[in-house]
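Okay, so here's the structure we're looking at.
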Amino acid sequence: MTVAWHGGGDSQVSRVKTLGSGGLFLSADHKRAVGTKLTLLFEVPGGFVQAEAVVRNVSPSAGMGVEFTSVGPQARVLLDDLLKRLLQ
């Protein structure tokens, strides 16, 4: 799955390495500093999830971990449904 994101003066598309209800880890060549606020957009079965997030950790060779800070109610339902499917 890929995620379009922007923040820190740039826009990118990155592959998701891990996904959870609280955030995700992006495989990204162009990383942002810890604390950078990002806007994320990604497609899941049933629609799109748009979320606000903040960079919580950076791995120079792998990417960056981001924590969701704001996910709308409809997007939260879509995200939770995806996680349930993946965990079955």
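By order of appearance in the structure tokens: chains A, B, ..., then residues from 1 within every chain, and ligands from 1 in the order shown.
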
Near Arg76 in chain A, counting only C-alpha atoms, which residues have an atom at most 10 Å away, once you skip same-chain residues fewer than 3 positions from it, shown as a list of chain:residue names?
A:Ser21, A:Val49, A:Gln50, A:Ala51, A:Ser70, A:Val71, A:Gly72, A:Pro73, A:Leu79, A:Asp80, A:Asp81, A:Leu82

Write out as a compact mmCIF listing (two decimals) with all heavy atoms, in the first residue's frame all residues of range 4-87 of chain A that backbone DSSP assigns to strand (DSSP E).
```
# COMPACT_ATOMS: atom_id res chain seq x y z
N ALA A 4 0.17 8.92 0.07
CA ALA A 4 0.60 10.26 -0.35
C ALA A 4 0.65 11.11 0.91
O ALA A 4 -0.26 11.05 1.75
CB ALA A 4 -0.40 10.84 -1.35
N TRP A 5 1.71 11.87 1.05
CA TRP A 5 1.84 12.70 2.24
C TRP A 5 2.51 14.02 1.90
O TRP A 5 3.24 14.12 0.93
CB TRP A 5 2.59 11.99 3.36
CG TRP A 5 3.97 11.51 3.03
CD1 TRP A 5 4.31 10.30 2.50
CD2 TRP A 5 5.20 12.21 3.21
NE1 TRP A 5 5.67 10.21 2.34
CE2 TRP A 5 6.25 11.37 2.78
CE3 TRP A 5 5.52 13.48 3.70
CZ2 TRP A 5 7.59 11.76 2.81
CZ3 TRP A 5 6.85 13.86 3.74
CH2 TRP A 5 7.86 12.99 3.30
N HIS A 6 2.20 15.02 2.70
CA HIS A 6 2.89 16.29 2.57
C HIS A 6 3.11 16.89 3.94
O HIS A 6 2.34 16.67 4.88
CB HIS A 6 2.18 17.26 1.62
CG HIS A 6 0.84 17.72 2.07
ND1 HIS A 6 0.66 18.82 2.86
CD2 HIS A 6 -0.40 17.23 1.83
CE1 HIS A 6 -0.63 19.00 3.08
NE2 HIS A 6 -1.30 18.04 2.48
N GLY A 7 4.20 17.61 4.04
CA GLY A 7 4.59 18.24 5.29
C GLY A 7 6.06 18.57 5.24
O GLY A 7 6.82 17.97 4.48
N ASP A 10 7.22 19.70 1.59
CA ASP A 10 7.39 18.75 0.49
C ASP A 10 6.19 17.83 0.41
O ASP A 10 5.46 17.66 1.38
CB ASP A 10 8.66 17.93 0.73
CG ASP A 10 9.15 17.19 -0.50
OD1 ASP A 10 8.65 17.45 -1.60
OD2 ASP A 10 10.03 16.34 -0.33
N SER A 11 6.00 17.22 -0.75
CA SER A 11 4.98 16.19 -0.95
C SER A 11 5.65 14.96 -1.51
O SER A 11 6.52 15.07 -2.39
CB SER A 11 3.90 16.66 -1.91
OG SER A 11 3.20 17.76 -1.39
N GLN A 12 5.25 13.78 -1.03
CA GLN A 12 5.86 12.52 -1.46
C GLN A 12 4.80 11.43 -1.51
O GLN A 12 3.72 11.57 -0.93
CB GLN A 12 6.95 12.08 -0.48
CG GLN A 12 8.11 13.02 -0.34
CD GLN A 12 9.02 13.00 -1.56
OE1 GLN A 12 9.24 11.96 -2.17
NE2 GLN A 12 9.54 14.16 -1.92
N VAL A 13 5.16 10.32 -2.13
CA VAL A 13 4.39 9.09 -2.06
C VAL A 13 5.36 8.03 -1.56
O VAL A 13 6.45 7.88 -2.10
CB VAL A 13 3.80 8.69 -3.43
CG1 VAL A 13 3.11 7.34 -3.34
CG2 VAL A 13 2.84 9.76 -3.93
N SER A 14 4.94 7.31 -0.51
CA SER A 14 5.80 6.31 0.10
C SER A 14 5.05 5.01 0.32
O SER A 14 3.83 5.02 0.49
CB SER A 14 6.33 6.80 1.45
OG SER A 14 7.09 7.97 1.30
N ARG A 15 5.79 3.92 0.37
CA ARG A 15 5.22 2.61 0.65
C ARG A 15 5.09 2.43 2.16
O ARG A 15 5.97 2.82 2.91
CB ARG A 15 6.09 1.50 0.07
CG ARG A 15 5.53 0.11 0.30
CD ARG A 15 6.16 -0.94 -0.56
NE ARG A 15 5.85 -0.83 -1.97
CZ ARG A 15 4.68 -1.14 -2.53
NH1 ARG A 15 3.69 -1.55 -1.79
NH2 ARG A 15 4.51 -1.03 -3.82
N VAL A 16 3.98 1.81 2.58
CA VAL A 16 3.75 1.52 3.99
C VAL A 16 4.44 0.20 4.33
O VAL A 16 4.21 -0.81 3.67
CB VAL A 16 2.24 1.41 4.30
CG1 VAL A 16 2.02 0.98 5.74
CG2 VAL A 16 1.55 2.73 4.01
N LYS A 17 5.28 0.22 5.36
CA LYS A 17 5.93 -1.01 5.83
C LYS A 17 5.10 -1.68 6.91
O LYS A 17 4.97 -2.90 6.93
CB LYS A 17 7.34 -0.72 6.34
CG LYS A 17 8.30 -0.34 5.22
CD LYS A 17 9.69 -0.20 5.73
CE LYS A 17 10.32 -1.59 5.77
NZ LYS A 17 11.77 -1.55 6.00
N THR A 18 4.56 -0.90 7.84
CA THR A 18 3.68 -1.43 8.88
C THR A 18 2.54 -0.45 9.11
O THR A 18 2.70 0.75 8.91
CB THR A 18 4.41 -1.67 10.22
OG1 THR A 18 4.96 -0.44 10.67
CG2 THR A 18 5.50 -2.71 10.08
N LEU A 19 1.40 -1.00 9.53
CA LEU A 19 0.21 -0.19 9.75
C LEU A 19 -0.45 -0.64 11.03
O LEU A 19 -0.58 -1.84 11.28
CB LEU A 19 -0.76 -0.36 8.58
CG LEU A 19 -2.14 0.28 8.70
CD1 LEU A 19 -2.03 1.79 8.72
CD2 LEU A 19 -3.03 -0.18 7.56
N GLY A 20 -0.85 0.30 11.85
CA GLY A 20 -1.59 0.01 13.06
C GLY A 20 -2.65 1.07 13.29
O GLY A 20 -2.73 2.06 12.55
N GLY A 23 -0.91 4.52 13.96
CA GLY A 23 0.01 5.14 13.01
C GLY A 23 0.57 4.13 12.04
O GLY A 23 0.06 3.02 11.91
N LEU A 24 1.66 4.52 11.38
CA LEU A 24 2.27 3.64 10.39
C LEU A 24 3.74 3.95 10.24
O LEU A 24 4.23 4.96 10.73
CB LEU A 24 1.54 3.74 9.04
CG LEU A 24 1.18 5.12 8.50
CD1 LEU A 24 2.35 5.74 7.79
CD2 LEU A 24 0.01 5.00 7.55
N PHE A 25 4.45 3.04 9.58
CA PHE A 25 5.86 3.25 9.27
C PHE A 25 5.99 3.35 7.77
O PHE A 25 5.54 2.45 7.04
CB PHE A 25 6.74 2.12 9.81
CG PHE A 25 8.20 2.45 9.74
CD1 PHE A 25 8.82 3.08 10.81
CD2 PHE A 25 8.94 2.16 8.61
CE1 PHE A 25 10.17 3.42 10.74
CE2 PHE A 25 10.28 2.49 8.54
CZ PHE A 25 10.90 3.12 9.61
N LEU A 26 6.56 4.44 7.30
CA LEU A 26 6.72 4.69 5.87
C LEU A 26 8.14 4.40 5.43
O LEU A 26 9.10 4.86 6.06
CB LEU A 26 6.40 6.16 5.56
CG LEU A 26 4.99 6.62 5.81
CD1 LEU A 26 4.90 8.14 5.65
CD2 LEU A 26 4.03 5.93 4.87
N SER A 27 8.27 3.67 4.36
CA SER A 27 9.56 3.48 3.72
C SER A 27 9.78 4.71 2.85
O SER A 27 9.11 4.89 1.84
CB SER A 27 9.54 2.21 2.86
OG SER A 27 10.75 2.05 2.19
N LYS A 37 4.87 17.78 11.33
CA LYS A 37 3.47 17.45 11.10
C LYS A 37 3.26 17.09 9.63
O LYS A 37 3.77 17.78 8.75
CB LYS A 37 2.57 18.61 11.50
CG LYS A 37 2.62 18.88 12.99
CD LYS A 37 1.75 20.06 13.37
CE LYS A 37 1.87 20.31 14.86
NZ LYS A 37 1.05 21.43 15.29
N LEU A 38 2.50 16.01 9.40
CA LEU A 38 2.23 15.54 8.04
C LEU A 38 0.72 15.38 7.84
O LEU A 38 -0.02 15.12 8.79
CB LEU A 38 2.87 14.16 7.80
CG LEU A 38 4.37 14.02 8.02
CD1 LEU A 38 4.78 12.57 7.80
CD2 LEU A 38 5.13 14.93 7.08
N THR A 39 0.30 15.52 6.60
CA THR A 39 -1.05 15.15 6.18
C THR A 39 -0.90 13.93 5.29
O THR A 39 -0.11 13.94 4.34
CB THR A 39 -1.74 16.29 5.43
OG1 THR A 39 -1.83 17.43 6.30
CG2 THR A 39 -3.13 15.89 4.98
N LEU A 40 -1.64 12.87 5.61
CA LEU A 40 -1.57 11.61 4.88
C LEU A 40 -2.86 11.35 4.13
O LEU A 40 -3.94 11.70 4.61
CB LEU A 40 -1.36 10.45 5.86
CG LEU A 40 -0.27 10.59 6.92
CD1 LEU A 40 -0.34 9.42 7.89
CD2 LEU A 40 1.09 10.65 6.27
N LEU A 41 -2.76 10.70 2.98
CA LEU A 41 -3.92 10.28 2.22
C LEU A 41 -3.61 8.92 1.61
O LEU A 41 -2.60 8.78 0.92
CB LEU A 41 -4.27 11.28 1.12
CG LEU A 41 -5.49 10.92 0.26
CD1 LEU A 41 -6.77 10.91 1.08
CD2 LEU A 41 -5.62 11.88 -0.92
N PHE A 42 -4.47 7.92 1.90
CA PHE A 42 -4.27 6.61 1.32
C PHE A 42 -5.61 5.91 1.11
O PHE A 42 -6.59 6.18 1.80
CB PHE A 42 -3.31 5.74 2.15
CG PHE A 42 -3.65 5.60 3.61
CD1 PHE A 42 -4.28 4.46 4.09
CD2 PHE A 42 -3.30 6.60 4.51
CE1 PHE A 42 -4.56 4.32 5.44
CE2 PHE A 42 -3.57 6.47 5.87
CZ PHE A 42 -4.20 5.32 6.33
N GLU A 43 -5.61 5.04 0.11
CA GLU A 43 -6.83 4.33 -0.26
C GLU A 43 -6.89 3.00 0.46
O GLU A 43 -5.89 2.28 0.55
CB GLU A 43 -6.88 4.11 -1.77
CG GLU A 43 -8.18 3.52 -2.24
CD GLU A 43 -8.29 3.45 -3.76
OE1 GLU A 43 -7.27 3.65 -4.45
OE2 GLU A 43 -9.39 3.19 -4.24
N VAL A 44 -8.06 2.68 0.98
CA VAL A 44 -8.34 1.40 1.60
C VAL A 44 -9.63 0.88 0.97
O VAL A 44 -10.35 1.64 0.32
CB VAL A 44 -8.49 1.53 3.14
CG1 VAL A 44 -7.21 2.03 3.77
CG2 VAL A 44 -9.66 2.42 3.51
N GLY A 47 -12.89 3.22 0.40
CA GLY A 47 -12.70 4.66 0.31
C GLY A 47 -11.29 5.11 0.62
O GLY A 47 -10.34 4.35 0.52
N PHE A 48 -11.19 6.36 1.01
CA PHE A 48 -9.89 6.97 1.30
C PHE A 48 -9.83 7.37 2.76
O PHE A 48 -10.83 7.79 3.35
CB PHE A 48 -9.67 8.22 0.43
CG PHE A 48 -9.38 7.90 -1.00
CD1 PHE A 48 -10.41 7.76 -1.91
CD2 PHE A 48 -8.08 7.72 -1.43
CE1 PHE A 48 -10.15 7.46 -3.24
CE2 PHE A 48 -7.80 7.42 -2.76
CZ PHE A 48 -8.84 7.29 -3.66
N VAL A 49 -8.63 7.28 3.30
CA VAL A 49 -8.37 7.74 4.66
C VAL A 49 -7.47 8.97 4.55
O VAL A 49 -6.41 8.91 3.93
CB VAL A 49 -7.67 6.65 5.51
CG1 VAL A 49 -7.21 7.22 6.85
CG2 VAL A 49 -8.59 5.45 5.70
N GLN A 50 -7.92 10.07 5.14
CA GLN A 50 -7.08 11.25 5.27
C GLN A 50 -6.85 11.44 6.76
O GLN A 50 -7.79 11.37 7.56
CB GLN A 50 -7.73 12.49 4.68
CG GLN A 50 -6.83 13.70 4.80
CD GLN A 50 -7.34 14.90 4.03
OE1 GLN A 50 -8.18 14.79 3.14
NE2 GLN A 50 -6.85 16.07 4.39
N ALA A 51 -5.60 11.66 7.12
CA ALA A 51 -5.25 11.79 8.52
C ALA A 51 -4.15 12.81 8.70
O ALA A 51 -3.32 13.01 7.82
CB ALA A 51 -4.80 10.43 9.07
N GLU A 52 -4.17 13.44 9.86
CA GLU A 52 -3.06 14.28 10.28
C GLU A 52 -2.16 13.40 11.14
O GLU A 52 -2.64 12.52 11.86
CB GLU A 52 -3.56 15.48 11.08
CG GLU A 52 -4.51 16.38 10.31
CD GLU A 52 -3.90 16.97 9.04
OE1 GLU A 52 -2.75 17.43 9.10
OE2 GLU A 52 -4.58 16.95 8.01
N ALA A 53 -0.87 13.63 11.04
CA ALA A 53 0.08 12.80 11.78
C ALA A 53 1.31 13.61 12.13
O ALA A 53 1.50 14.72 11.63
CB ALA A 53 0.47 11.58 10.92
N VAL A 54 2.15 13.02 12.98
CA VAL A 54 3.40 13.64 13.36
C VAL A 54 4.50 12.57 13.31
O VAL A 54 4.26 11.42 13.67
CB VAL A 54 3.31 14.32 14.75
CG1 VAL A 54 3.04 13.32 15.85
CG2 VAL A 54 4.55 15.14 15.04
N VAL A 55 5.67 12.96 12.82
CA VAL A 55 6.80 12.03 12.76
C VAL A 55 7.29 11.79 14.19
O VAL A 55 7.60 12.73 14.92
CB VAL A 55 7.95 12.60 11.90
CG1 VAL A 55 9.14 11.66 11.91
CG2 VAL A 55 7.47 12.86 10.47
N ARG A 56 7.34 10.51 14.58
CA ARG A 56 7.76 10.15 15.94
C ARG A 56 9.17 9.55 15.98
O ARG A 56 9.84 9.65 16.99
CB ARG A 56 6.78 9.17 16.57
CG ARG A 56 5.45 9.79 16.89
CD ARG A 56 5.59 10.86 17.95
NE ARG A 56 4.29 11.40 18.31
CZ ARG A 56 4.13 12.58 18.83
NH1 ARG A 56 5.16 13.37 19.04
NH2 ARG A 56 2.93 13.00 19.14
N ASN A 57 9.58 8.87 14.90
CA ASN A 57 10.95 8.35 14.85
C ASN A 57 11.40 8.24 13.41
O ASN A 57 10.59 8.17 12.49
CB ASN A 57 11.08 7.01 15.59
CG ASN A 57 10.22 5.92 15.01
OD1 ASN A 57 10.22 5.70 13.81
ND2 ASN A 57 9.48 5.23 15.84
N VAL A 58 12.72 8.27 13.25
CA VAL A 58 13.31 8.21 11.91
C VAL A 58 14.41 7.16 11.93
O VAL A 58 15.25 7.15 12.84
CB VAL A 58 13.89 9.58 11.49
CG1 VAL A 58 14.60 9.48 10.16
CG2 VAL A 58 12.79 10.63 11.43
N SER A 59 14.39 6.29 10.94
CA SER A 59 15.47 5.33 10.74
C SER A 59 16.17 5.74 9.45
O SER A 59 15.56 5.66 8.37
CB SER A 59 14.89 3.92 10.60
OG SER A 59 15.90 3.01 10.23
N GLY A 63 13.24 4.52 6.94
CA GLY A 63 12.09 5.40 6.76
C GLY A 63 11.74 6.10 8.04
O GLY A 63 12.61 6.42 8.85
N MET A 64 10.44 6.32 8.25
CA MET A 64 10.01 7.06 9.43
C MET A 64 8.68 6.54 9.96
O MET A 64 7.80 6.12 9.21
CB MET A 64 9.90 8.55 9.11
CG MET A 64 8.99 8.91 7.99
SD MET A 64 9.13 10.67 7.59
CE MET A 64 8.01 10.72 6.18
N GLY A 65 8.57 6.55 11.27
CA GLY A 65 7.34 6.16 11.95
C GLY A 65 6.53 7.40 12.24
O GLY A 65 7.07 8.39 12.74
N VAL A 66 5.25 7.35 11.92
CA VAL A 66 4.37 8.49 12.16
C VAL A 66 3.18 8.06 13.00
O VAL A 66 2.67 6.95 12.86
CB VAL A 66 3.90 9.17 10.85
CG1 VAL A 66 5.08 9.66 10.03
CG2 VAL A 66 3.04 8.26 10.01
N GLU A 67 2.77 8.95 13.89
CA GLU A 67 1.61 8.70 14.75
C GLU A 67 0.44 9.54 14.25
O GLU A 67 0.60 10.74 14.00
CB GLU A 67 1.95 9.10 16.18
CG GLU A 67 0.79 8.94 17.14
CD GLU A 67 1.10 9.45 18.53
OE1 GLU A 67 2.17 10.08 18.74
OE2 GLU A 67 0.26 9.26 19.41
N PHE A 68 -0.73 8.91 14.11
CA PHE A 68 -1.92 9.65 13.75
C PHE A 68 -2.28 10.60 14.88
O PHE A 68 -2.32 10.20 16.04
CB PHE A 68 -3.11 8.71 13.50
CG PHE A 68 -2.92 7.73 12.37
CD1 PHE A 68 -3.29 6.40 12.53
CD2 PHE A 68 -2.40 8.12 11.16
CE1 PHE A 68 -3.14 5.49 11.50
CE2 PHE A 68 -2.24 7.22 10.11
CZ PHE A 68 -2.61 5.90 10.29
N THR A 69 -2.55 11.84 14.55
CA THR A 69 -2.99 12.81 15.55
C THR A 69 -4.44 13.21 15.34
O THR A 69 -5.08 13.68 16.28
CB THR A 69 -2.10 14.07 15.53
OG1 THR A 69 -2.10 14.63 14.21
CG2 THR A 69 -0.68 13.74 15.95
N SER A 70 -4.96 13.01 14.14
CA SER A 70 -6.35 13.32 13.85
C SER A 70 -6.83 12.48 12.67
O SER A 70 -6.24 12.54 11.59
CB SER A 70 -6.50 14.81 13.51
OG SER A 70 -7.84 15.10 13.17
N VAL A 71 -7.86 11.69 12.94
CA VAL A 71 -8.49 10.87 11.89
C VAL A 71 -9.99 11.08 12.04
O VAL A 71 -10.53 10.87 13.13
CB VAL A 71 -8.15 9.37 12.05
CG1 VAL A 71 -8.80 8.54 10.96
CG2 VAL A 71 -6.65 9.14 12.06
```

In Å, rounded to a single decimal, give me how far CA of Met1 in chain A is from CA of His30 in chain A.
17.7 Å

Where in chain A does DSSP assign helix (DSSP H, G or I), given as a PDB file with all heavy atoms, in the first residue's frame?
```
ATOM      1  N   PRO A  73     -14.093  10.539  11.783  1.00  0.00           N
ATOM      2  CA  PRO A  73     -14.860   9.348  12.164  1.00  0.00           C
ATOM      3  C   PRO A  73     -15.078   8.356  11.024  1.00  0.00           C
ATOM      4  O   PRO A  73     -14.963   7.146  11.227  1.00  0.00           O
ATOM      5  CB  PRO A  73     -16.184   9.900  12.687  1.00  0.00           C
ATOM      6  CG  PRO A  73     -16.168  11.366  12.472  1.00  0.00           C
ATOM      7  CD  PRO A  73     -14.810  11.772  12.038  1.00  0.00           C
ATOM      8  N   GLN A  74     -15.381   8.833   9.823  1.00  0.00           N
ATOM      9  CA  GLN A  74     -15.581   7.915   8.693  1.00  0.00           C
ATOM     10  C   GLN A  74     -14.275   7.252   8.295  1.00  0.00           C
ATOM     11  O   GLN A  74     -14.240   6.059   8.003  1.00  0.00           O
ATOM     12  CB  GLN A  74     -16.188   8.648   7.503  1.00  0.00           C
ATOM     13  CG  GLN A  74     -17.621   9.072   7.749  1.00  0.00           C
ATOM     14  CD  GLN A  74     -18.187   9.877   6.588  1.00  0.00           C
ATOM     15  OE1 GLN A  74     -17.458  10.518   5.842  1.00  0.00           O
ATOM     16  NE2 GLN A  74     -19.498   9.849   6.445  1.00  0.00           N
ATOM     17  N   ALA A  75     -13.194   8.023   8.296  1.00  0.00           N
ATOM     18  CA  ALA A  75     -11.888   7.467   7.965  1.00  0.00           C
ATOM     19  C   ALA A  75     -11.464   6.447   9.021  1.00  0.00           C
ATOM     20  O   ALA A  75     -10.863   5.421   8.701  1.00  0.00           O
ATOM     21  CB  ALA A  75     -10.851   8.577   7.841  1.00  0.00           C
ATOM     22  N   ARG A  76     -11.790   6.695  10.290  1.00  0.00           N
ATOM     23  CA  ARG A  76     -11.451   5.763  11.369  1.00  0.00           C
ATOM     24  C   ARG A  76     -12.157   4.429  11.167  1.00  0.00           C
ATOM     25  O   ARG A  76     -11.571   3.367  11.358  1.00  0.00           O
ATOM     26  CB  ARG A  76     -11.811   6.385  12.717  1.00  0.00           C
ATOM     27  CG  ARG A  76     -11.631   5.478  13.912  1.00  0.00           C
ATOM     28  CD  ARG A  76     -10.254   4.875  14.059  1.00  0.00           C
ATOM     29  NE  ARG A  76      -9.252   5.856  14.371  1.00  0.00           N
ATOM     30  CZ  ARG A  76      -7.948   5.571  14.417  1.00  0.00           C
ATOM     31  NH1 ARG A  76      -7.502   4.352  14.194  1.00  0.00           N
ATOM     32  NH2 ARG A  76      -7.075   6.502  14.680  1.00  0.00           N
ATOM     33  N   VAL A  77     -13.432   4.464  10.753  1.00  0.00           N
ATOM     34  CA  VAL A  77     -14.178   3.227  10.487  1.00  0.00           C
ATOM     35  C   VAL A  77     -13.503   2.444   9.357  1.00  0.00           C
ATOM     36  O   VAL A  77     -13.312   1.233   9.459  1.00  0.00           O
ATOM     37  CB  VAL A  77     -15.653   3.529  10.146  1.00  0.00           C
ATOM     38  CG1 VAL A  77     -16.362   2.306   9.601  1.00  0.00           C
ATOM     39  CG2 VAL A  77     -16.380   4.064  11.380  1.00  0.00           C
ATOM     40  N   LEU A  78     -13.136   3.136   8.280  1.00  0.00           N
ATOM     41  CA  LEU A  78     -12.463   2.466   7.157  1.00  0.00           C
ATOM     42  C   LEU A  78     -11.137   1.858   7.590  1.00  0.00           C
ATOM     43  O   LEU A  78     -10.808   0.724   7.231  1.00  0.00           O
ATOM     44  CB  LEU A  78     -12.228   3.450   6.007  1.00  0.00           C
ATOM     45  CG  LEU A  78     -13.457   3.950   5.272  1.00  0.00           C
ATOM     46  CD1 LEU A  78     -13.061   5.063   4.293  1.00  0.00           C
ATOM     47  CD2 LEU A  78     -14.158   2.817   4.547  1.00  0.00           C
ATOM     48  N   LEU A  79     -10.370   2.586   8.370  1.00  0.00           N
ATOM     49  CA  LEU A  79      -9.075   2.099   8.846  1.00  0.00           C
ATOM     50  C   LEU A  79      -9.261   0.899   9.768  1.00  0.00           C
ATOM     51  O   LEU A  79      -8.564  -0.118   9.624  1.00  0.00           O
ATOM     52  CB  LEU A  79      -8.340   3.226   9.566  1.00  0.00           C
ATOM     53  CG  LEU A  79      -6.943   2.919  10.080  1.00  0.00           C
ATOM     54  CD1 LEU A  79      -6.012   2.479   8.955  1.00  0.00           C
ATOM     55  CD2 LEU A  79      -6.372   4.139  10.791  1.00  0.00           C
ATOM     56  N   ASP A  80     -10.198   0.976  10.692  1.00  0.00           N
ATOM     57  CA  ASP A  80     -10.453  -0.146  11.602  1.00  0.00           C
ATOM     58  C   ASP A  80     -10.920  -1.384  10.846  1.00  0.00           C
ATOM     59  O   ASP A  80     -10.510  -2.500  11.167  1.00  0.00           O
ATOM     60  CB  ASP A  80     -11.479   0.249  12.665  1.00  0.00           C
ATOM     61  CG  ASP A  80     -10.938   1.236  13.685  1.00  0.00           C
ATOM     62  OD1 ASP A  80      -9.689   1.417  13.747  1.00  0.00           O
ATOM     63  OD2 ASP A  80     -11.747   1.839  14.422  1.00  0.00           O
ATOM     64  N   ASP A  81     -11.768  -1.193   9.833  1.00  0.00           N
ATOM     65  CA  ASP A  81     -12.217  -2.325   9.022  1.00  0.00           C
ATOM     66  C   ASP A  81     -11.049  -2.982   8.294  1.00  0.00           C
ATOM     67  O   ASP A  81     -10.963  -4.205   8.233  1.00  0.00           O
ATOM     68  CB  ASP A  81     -13.277  -1.894   8.005  1.00  0.00           C
ATOM     69  CG  ASP A  81     -14.632  -1.603   8.630  1.00  0.00           C
ATOM     70  OD1 ASP A  81     -14.838  -1.958   9.813  1.00  0.00           O
ATOM     71  OD2 ASP A  81     -15.481  -1.002   7.942  1.00  0.00           O
ATOM     72  N   LEU A  82     -10.144  -2.184   7.752  1.00  0.00           N
ATOM     73  CA  LEU A  82      -8.967  -2.730   7.078  1.00  0.00           C
ATOM     74  C   LEU A  82      -8.118  -3.533   8.046  1.00  0.00           C
ATOM     75  O   LEU A  82      -7.682  -4.645   7.729  1.00  0.00           O
ATOM     76  CB  LEU A  82      -8.143  -1.605   6.451  1.00  0.00           C
ATOM     77  CG  LEU A  82      -6.801  -2.035   5.850  1.00  0.00           C
ATOM     78  CD1 LEU A  82      -6.991  -3.025   4.704  1.00  0.00           C
ATOM     79  CD2 LEU A  82      -5.999  -0.830   5.403  1.00  0.00           C
ATOM     80  N   LEU A  83      -7.875  -2.994   9.228  1.00  0.00           N
ATOM     81  CA  LEU A  83      -7.052  -3.707  10.209  1.00  0.00           C
ATOM     82  C   LEU A  83      -7.685  -5.027  10.618  1.00  0.00           C
ATOM     83  O   LEU A  83      -6.997  -6.035  10.782  1.00  0.00           O
ATOM     84  CB  LEU A  83      -6.788  -2.812  11.411  1.00  0.00           C
ATOM     85  CG  LEU A  83      -5.856  -1.633  11.143  1.00  0.00           C
ATOM     86  CD1 LEU A  83      -5.855  -0.666  12.316  1.00  0.00           C
ATOM     87  CD2 LEU A  83      -4.454  -2.105  10.825  1.00  0.00           C
ATOM     88  N   LYS A  84      -8.993  -5.036  10.788  1.00  0.00           N
ATOM     89  CA  LYS A  84      -9.692  -6.285  11.128  1.00  0.00           C
ATOM     90  C   LYS A  84      -9.502  -7.318  10.029  1.00  0.00           C
ATOM     91  O   LYS A  84      -9.247  -8.496  10.296  1.00  0.00           O
ATOM     92  CB  LYS A  84     -11.190  -6.020  11.340  1.00  0.00           C
ATOM     93  CG  LYS A  84     -11.501  -5.338  12.643  1.00  0.00           C
ATOM     94  CD  LYS A  84     -12.978  -5.043  12.758  1.00  0.00           C
ATOM     95  CE  LYS A  84     -13.260  -4.129  13.927  1.00  0.00           C
ATOM     96  NZ  LYS A  84     -14.651  -3.690  13.965  1.00  0.00           N
ATOM     97  N   ARG A  85      -9.610  -6.900   8.770  1.00  0.00           N
ATOM     98  CA  ARG A  85      -9.406  -7.824   7.637  1.00  0.00           C
ATOM     99  C   ARG A  85      -7.993  -8.372   7.610  1.00  0.00           C
ATOM    100  O   ARG A  85      -7.772  -9.547   7.362  1.00  0.00           O
ATOM    101  CB  ARG A  85      -9.683  -7.124   6.304  1.00  0.00           C
ATOM    102  CG  ARG A  85     -11.112  -6.828   6.046  1.00  0.00           C
ATOM    103  CD  ARG A  85     -11.261  -6.177   4.687  1.00  0.00           C
ATOM    104  NE  ARG A  85     -12.570  -5.574   4.561  1.00  0.00           N
ATOM    105  CZ  ARG A  85     -12.977  -4.943   3.500  1.00  0.00           C
ATOM    106  NH1 ARG A  85     -12.187  -4.806   2.450  1.00  0.00           N
ATOM    107  NH2 ARG A  85     -14.178  -4.427   3.455  1.00  0.00           N
ATOM    108  N   LEU A  86      -7.036  -7.504   7.858  1.00  0.00           N
ATOM    109  CA  LEU A  86      -5.625  -7.934   7.807  1.00  0.00           C
ATOM    110  C   LEU A  86      -5.281  -8.872   8.952  1.00  0.00           C
ATOM    111  O   LEU A  86      -4.382  -9.710   8.800  1.00  0.00           O
ATOM    112  CB  LEU A  86      -4.705  -6.698   7.850  1.00  0.00           C
ATOM    113  CG  LEU A  86      -4.757  -5.783   6.643  1.00  0.00           C
ATOM    114  CD1 LEU A  86      -3.929  -4.530   6.883  1.00  0.00           C
ATOM    115  CD2 LEU A  86      -4.283  -6.505   5.385  1.00  0.00           C
ATOM    116  N   LEU A  87      -5.959  -8.751  10.065  1.00  0.00           N
ATOM    117  CA  LEU A  87      -5.650  -9.587  11.229  1.00  0.00           C
ATOM    118  C   LEU A  87      -6.404 -10.912  11.246  1.00  0.00           C
ATOM    119  O   LEU A  87      -6.183 -11.740  12.126  1.00  0.00           O
ATOM    120  CB  LEU A  87      -5.929  -8.810  12.520  1.00  0.00           C
ATOM    121  CG  LEU A  87      -4.994  -7.609  12.741  1.00  0.00           C
ATOM    122  CD1 LEU A  87      -5.457  -6.798  13.946  1.00  0.00           C
ATOM    123  CD2 LEU A  87      -3.571  -8.067  12.906  1.00  0.00           C
TER     124      LEU A  87
END
```
